[in-house]
Amino acid sequence: MPFDFGKEVDHVARLARLSLEEDEKERMAGQLSDILKTARRIQELDTTGIEPTSHVTERPAVLREDRVRPSLPLDKALRNAPRREKGFVKVPRITVSEQDQK
Amino acid sequence: MKYEVVIGLEVHVEMLTGSKLFCSCPNRFVAEPNVNTCPVCLGFPGALPQLNREALQQALRAAVALNCKVALYSYFDRKNYFYPDMPKGYQISQHYIPLGSNGFLDIEDEKGELKQVGIGRVHIEEDAGKLLHEAGGASGGSSMVDYNRAGGPLIEIVSEPDLRSSGEARRYLEKLKSIMQYAGVSDCKMEEGSLRCDANVSLRIPGDQSFGIKTELKNMNSFRAVEKSLDHDIKRQARILDSGEKVVTQTLRWDEDRQETIVMRGKLEAGDYRCFADPELAPIELTAEEVELARQNLPEMAAERARRFVEQYGLPEYDAGVLTASRCLADYFESCLEHFNKPKEVSNWVMGEFSAHLNNAGLEADQASFTPEDMVELLKMIDEQVISGKIAKEVLEKAFVSGKKPRLVVEEEGLLQISDQSELEAIIDRVISENPDTVESYRGGKGKALGHLVGQVMKATRGKANPQLVNELLVKKINS
């Protein structure tokens, strides 16, 4: 059965809480198909004997000392928030029924 | 019950670092929203997270304290989900390679025997922000978001499905809390959210190798709530199975007010989180020596401390066990001893009255306004016979509730012990004249009668008379 890219786009859009127009969906489905084709081509490579790599750099993490430094001033921190109130970021309420719990 | 209960617990604890997991914002609660935030924890483009050394050390301590195998190579993944509590659109977690795995801790099972409970994984992850929901109007309402907690350092500890009753689940949590407190990883205050617990529970016919269909329980904010919600769901599942139906996989939320579980919908499938290695965070590498060092440097745990209390202070094993069950309480006890070196006396008061008030108020020892200094002040007053032991209980209660110094309570309430002989003699004379029969029977050889007379004097002085002195004076007066 051929992979249903339209359905996959719907699913991913729902997870990202995006509402897409029909033409957008079509375009995304095409792009998704191309991306997966590329991934499939990469998967054809023979990787026998090669350890899986998760990072491009082989250097381990450089750790940060546990020191507190000043945070951003509130008005700067919230400058890009579309809506705010009393120091909070205000967002549309996502009700329990559609809430995606961690 | 004809079913075997199978429980596994997922516990998150907040670590005790000064700063957050990947940025230098303070890791502590403040009332004003969004003041402890920065480009990293707000997920601004171009910000670069950097792992907190102390958080890694604490997580490592947690892993070795839980007897885990520690991964010398591990890394962070992005767990993607779209909800306003996470400004980045993903949570940084360790999905593919946890820091610790294959550990265990010991609890007592239902028969009181030692039981090993497997720990599947211990991993590091960041906390989410907090949402306050406003009542929905026509528009569906709004949520107010506070990112102070976002990016806070957490470890998640996942048990194997080894627990067989709600009681075992509670004992597992108590043990876990004790280990995390003693290891200096977390204060584990469930009511404040520094320890959070989700439970998976299923039933099966004893002897079955496979597990039954499980439900997930959330939103329990006390050990009691964990136990009660498990009991509630175990009964619910048993009823379903008894009637020949099937349990449905679902996530349920414990409603403390209604004392029941409520179905939550919209839970994502595991694959929907699309976890992948976070390219911004380089892998964590540890050496075998570092892990071994962490193991050797683990602080004293509850059992060791109890042993020391018996040896060093000559306490009964029972006292040592009760005092060390909570690290705060054991610390409190030892702080008192620094200024009042009578271990058994201190133990009696800390285990008894003080703990009773803590339990009533739902507080830990370090949250009480009645400090070790106050306890010492109280015990010194008993020792110096300024107040009687009975009055001391009253003073403790008043000082505990009001936050006043014990000495001030004694002064304000006029609770000073009456050790003034002339004042007592007047009361004793009255008691003797009012109870001629009792006095006669004492004279006639009935020793018990004296107790009644002492009681009368105590009553007349509202418990403030020095009991020893009353005894002495009574005997002297009756015999004269």
# chains A, B, ... in the order shown; residues from 1 in each chain; ligands from 1
>>> select_by_dssp(residues="chain A", states="strand (DSSP E)", output="tab-separated table (two decimals) with N, CA, C and O atoms, in the first residue's frame")
chain	number	residue	atom	x	y	z
A	84	ARG	N	0.22	39.61	26.69
A	84	ARG	CA	0.68	39.38	28.05
A	84	ARG	C	-0.20	40.14	29.03
A	84	ARG	O	-0.91	41.08	28.67
A	85	GLU	N	-0.15	39.68	30.28
A	85	GLU	CA	-0.99	40.30	31.31
A	85	GLU	C	-0.36	40.05	32.66
A	85	GLU	O	-0.03	38.90	33.00
A	88	PHE	N	2.45	37.67	32.98
A	88	PHE	CA	2.27	36.36	32.37
A	88	PHE	C	2.23	36.49	30.84
A	88	PHE	O	1.91	37.55	30.31
A	89	VAL	N	2.56	35.39	30.16
A	89	VAL	CA	2.27	35.30	28.74
A	89	VAL	C	0.86	34.76	28.64
A	89	VAL	O	0.51	33.78	29.30
A	90	LYS	N	0.04	35.42	27.84
A	90	LYS	CA	-1.35	35.01	27.76
A	90	LYS	C	-1.57	34.26	26.44
A	90	LYS	O	-1.22	34.77	25.37
A	91	VAL	N	-2.09	33.05	26.54
A	91	VAL	CA	-2.31	32.23	25.34
A	91	VAL	C	-3.74	31.71	25.32
A	91	VAL	O	-4.39	31.66	26.36
A	92	PRO	N	-4.23	31.34	24.12
A	92	PRO	CA	-5.57	30.76	24.08
A	92	PRO	C	-5.59	29.48	24.91
A	92	PRO	O	-4.62	28.72	24.91
>>> interface_residues(of="chain A", to="chain B", cutoff="12 Å", atoms="only C-alpha atoms", output="ChimeraX atom specification")
/A:8,11-18,52-81,83-102
>>> residues_around(residues="Ser441 in chain B", least_positions_apart="6", cutoff="12 Å", atoms="only C-alpha atoms", output="ChimeraX atom specification")
/B:435,447-453,478
>>> write_last_selection(atoms="C-alpha atoms", output="compact mmCIF listing (two decimals), in the first residue's frame")
# COMPACT_ATOMS: atom_id res chain seq x y z
CA ASN B 435 -11.08 16.30 100.94
CA GLY B 447 -1.02 5.12 99.18
CA LYS B 448 -3.13 5.67 96.09
CA ALA B 449 -5.16 8.34 97.80
CA LEU B 450 -2.18 10.67 97.67
CA GLY B 451 -2.30 10.67 93.88
CA HIS B 452 -5.85 11.95 94.01
CA LEU B 453 -4.83 14.82 96.25
CA ILE B 478 -0.83 15.22 106.33
>>> residues_around(residues="range 320-330 of chain B", least_positions_apart="3", cutoff="7 Å", atoms="only C-alpha atoms", output="VMD selection string")
chain B and resid 178 181 to 182 302 305 to 306 309 to 310 315 to 317 333 to 334 351 364 to 366
>>> closest_residue(among="B:Gly463, B:Asn219, B:Val454, B:Val350", to="Ile391 in chain B", atoms="only C-alpha atoms")
B:Gly463
>>> decode(residues="chain A", atoms="C-alpha atoms", output="mmCIF file, in the first residue's frame")
data_model
loop_
_atom_site.group_PDB
_atom_site.id
_atom_site.type_symbol
_atom_site.label_atom_id
_atom_site.label_comp_id
_atom_site.auth_asym_id
_atom_site.auth_seq_id
_atom_site.Cartn_x
_atom_site.Cartn_y
_atom_site.Cartn_z
ATOM 1 C CA MET A 1 0.000 0.000 0.000
ATOM 2 C CA PRO A 2 1.477 3.379 -0.907
ATOM 3 C CA PHE A 3 2.302 5.659 1.985
ATOM 4 C CA ASP A 4 -0.436 8.234 2.562
ATOM 5 C CA PHE A 5 1.474 11.523 2.729
ATOM 6 C CA GLY A 6 -1.709 13.563 2.996
ATOM 7 C CA LYS A 7 -2.696 11.704 6.148
ATOM 8 C CA GLU A 8 0.811 12.064 7.572
ATOM 9 C CA VAL A 9 0.750 15.827 6.949
ATOM 10 C CA ASP A 10 -2.600 16.049 8.743
ATOM 11 C CA HIS A 11 -1.178 14.138 11.680
ATOM 12 C CA VAL A 12 2.003 16.209 11.964
ATOM 13 C CA ALA A 13 0.023 19.423 11.560
ATOM 14 C CA ARG A 14 -2.257 18.364 14.394
ATOM 15 C CA LEU A 15 0.751 17.649 16.630
ATOM 16 C CA ALA A 16 2.144 21.107 15.813
ATOM 17 C CA ARG A 17 -1.313 22.657 16.206
ATOM 18 C CA LEU A 18 -1.155 24.167 12.731
ATOM 19 C CA SER A 19 -4.213 24.562 10.576
ATOM 20 C CA LEU A 20 -3.239 24.194 6.936
ATOM 21 C CA GLU A 21 -5.167 25.117 3.804
ATOM 22 C CA GLU A 22 -5.725 22.389 1.203
ATOM 23 C CA ASP A 23 -3.077 23.768 -1.171
ATOM 24 C CA GLU A 24 -0.589 24.017 1.689
ATOM 25 C CA LYS A 25 -1.264 20.414 2.616
ATOM 26 C CA GLU A 26 -0.632 19.318 -0.953
ATOM 27 C CA ARG A 27 2.628 21.229 -1.108
ATOM 28 C CA MET A 28 3.766 19.813 2.276
ATOM 29 C CA ALA A 29 2.855 16.264 1.252
ATOM 30 C CA GLY A 30 5.051 16.642 -1.822
ATOM 31 C CA GLN A 31 7.931 18.016 0.208
ATOM 32 C CA LEU A 32 7.565 15.307 2.811
ATOM 33 C CA SER A 33 7.676 12.686 0.094
ATOM 34 C CA ASP A 34 10.896 14.191 -1.315
ATOM 35 C CA ILE A 35 12.519 14.302 2.125
ATOM 36 C CA LEU A 36 11.674 10.681 2.813
ATOM 37 C CA LYS A 37 13.033 9.723 -0.629
ATOM 38 C CA THR A 38 16.328 11.335 0.266
ATOM 39 C CA ALA A 39 16.362 9.564 3.631
ATOM 40 C CA ARG A 40 15.724 6.286 1.880
ATOM 41 C CA ARG A 41 18.659 6.890 -0.441
ATOM 42 C CA ILE A 42 20.935 7.553 2.525
ATOM 43 C CA GLN A 43 19.709 4.366 4.128
ATOM 44 C CA GLU A 44 20.954 2.427 1.097
ATOM 45 C CA LEU A 45 24.543 3.140 2.168
ATOM 46 C CA ASP A 46 26.401 0.179 3.582
ATOM 47 C CA THR A 47 27.180 1.131 7.208
ATOM 48 C CA THR A 48 28.329 -2.279 8.427
ATOM 49 C CA GLY A 49 30.874 -1.900 11.211
ATOM 50 C CA ILE A 50 30.203 1.799 11.723
ATOM 51 C CA GLU A 51 28.977 2.922 15.146
ATOM 52 C CA PRO A 52 25.758 4.956 15.066
ATOM 53 C CA THR A 53 26.541 8.672 15.326
ATOM 54 C CA SER A 54 24.171 11.070 17.054
ATOM 55 C CA HIS A 55 26.275 14.218 16.948
ATOM 56 C CA VAL A 56 28.434 15.896 14.319
ATOM 57 C CA THR A 57 31.073 16.848 16.849
ATOM 58 C CA GLU A 58 32.983 14.174 18.719
ATOM 59 C CA ARG A 59 33.862 16.470 21.580
ATOM 60 C CA PRO A 60 32.018 15.859 24.864
ATOM 61 C CA ALA A 61 29.912 18.554 26.499
ATOM 62 C CA VAL A 62 31.675 21.475 28.121
ATOM 63 C CA LEU A 63 29.947 21.876 31.445
ATOM 64 C CA ARG A 64 28.783 25.110 32.998
ATOM 65 C CA GLU A 65 29.534 25.929 36.645
ATOM 66 C CA ASP A 66 26.392 26.122 38.787
ATOM 67 C CA ARG A 67 26.398 29.887 39.192
ATOM 68 C CA VAL A 68 23.329 32.113 39.042
ATOM 69 C CA ARG A 69 23.522 35.066 36.709
ATOM 70 C CA PRO A 70 20.891 37.769 36.268
ATOM 71 C CA SER A 71 17.882 36.754 34.208
ATOM 72 C CA LEU A 72 16.349 38.963 31.524
ATOM 73 C CA PRO A 73 14.386 41.994 32.724
ATOM 74 C CA LEU A 74 10.699 41.111 32.518
ATOM 75 C CA ASP A 75 9.802 43.582 29.770
ATOM 76 C CA LYS A 76 12.624 42.256 27.617
ATOM 77 C CA ALA A 77 11.719 38.640 28.289
ATOM 78 C CA LEU A 78 8.130 39.222 27.209
ATOM 79 C CA ARG A 79 8.777 41.686 24.405
ATOM 80 C CA ASN A 80 7.951 39.159 21.678
ATOM 81 C CA ALA A 81 4.923 37.662 23.394
ATOM 82 C CA PRO A 82 1.811 38.430 21.305
ATOM 83 C CA ARG A 83 -0.271 38.886 24.437
ATOM 84 C CA ARG A 84 0.678 39.383 28.055
ATOM 85 C CA GLU A 85 -0.987 40.304 31.309
ATOM 86 C CA LYS A 86 0.400 40.980 34.791
ATOM 87 C CA GLY A 87 3.767 39.519 33.849
ATOM 88 C CA PHE A 88 2.268 36.359 32.368
ATOM 89 C CA VAL A 89 2.275 35.298 28.744
ATOM 90 C CA LYS A 90 -1.354 35.009 27.756
ATOM 91 C CA VAL A 91 -2.309 32.232 25.339
ATOM 92 C CA PRO A 92 -5.572 30.756 24.076
ATOM 93 C CA ARG A 93 -6.722 28.095 26.455
ATOM 94 C CA ILE A 94 -6.249 24.525 25.302
ATOM 95 C CA THR A 95 -9.062 22.602 26.942
ATOM 96 C CA VAL A 96 -8.570 19.304 28.681
ATOM 97 C CA SER A 97 -10.249 17.292 25.951
ATOM 98 C CA GLU A 98 -7.723 18.324 23.329
ATOM 99 C CA GLN A 99 -4.831 18.858 25.661
ATOM 100 C CA ASP A 100 -1.805 16.782 24.783
ATOM 101 C CA GLN A 101 -0.363 15.715 28.064
ATOM 102 C CA LYS A 102 3.288 14.912 28.443
#
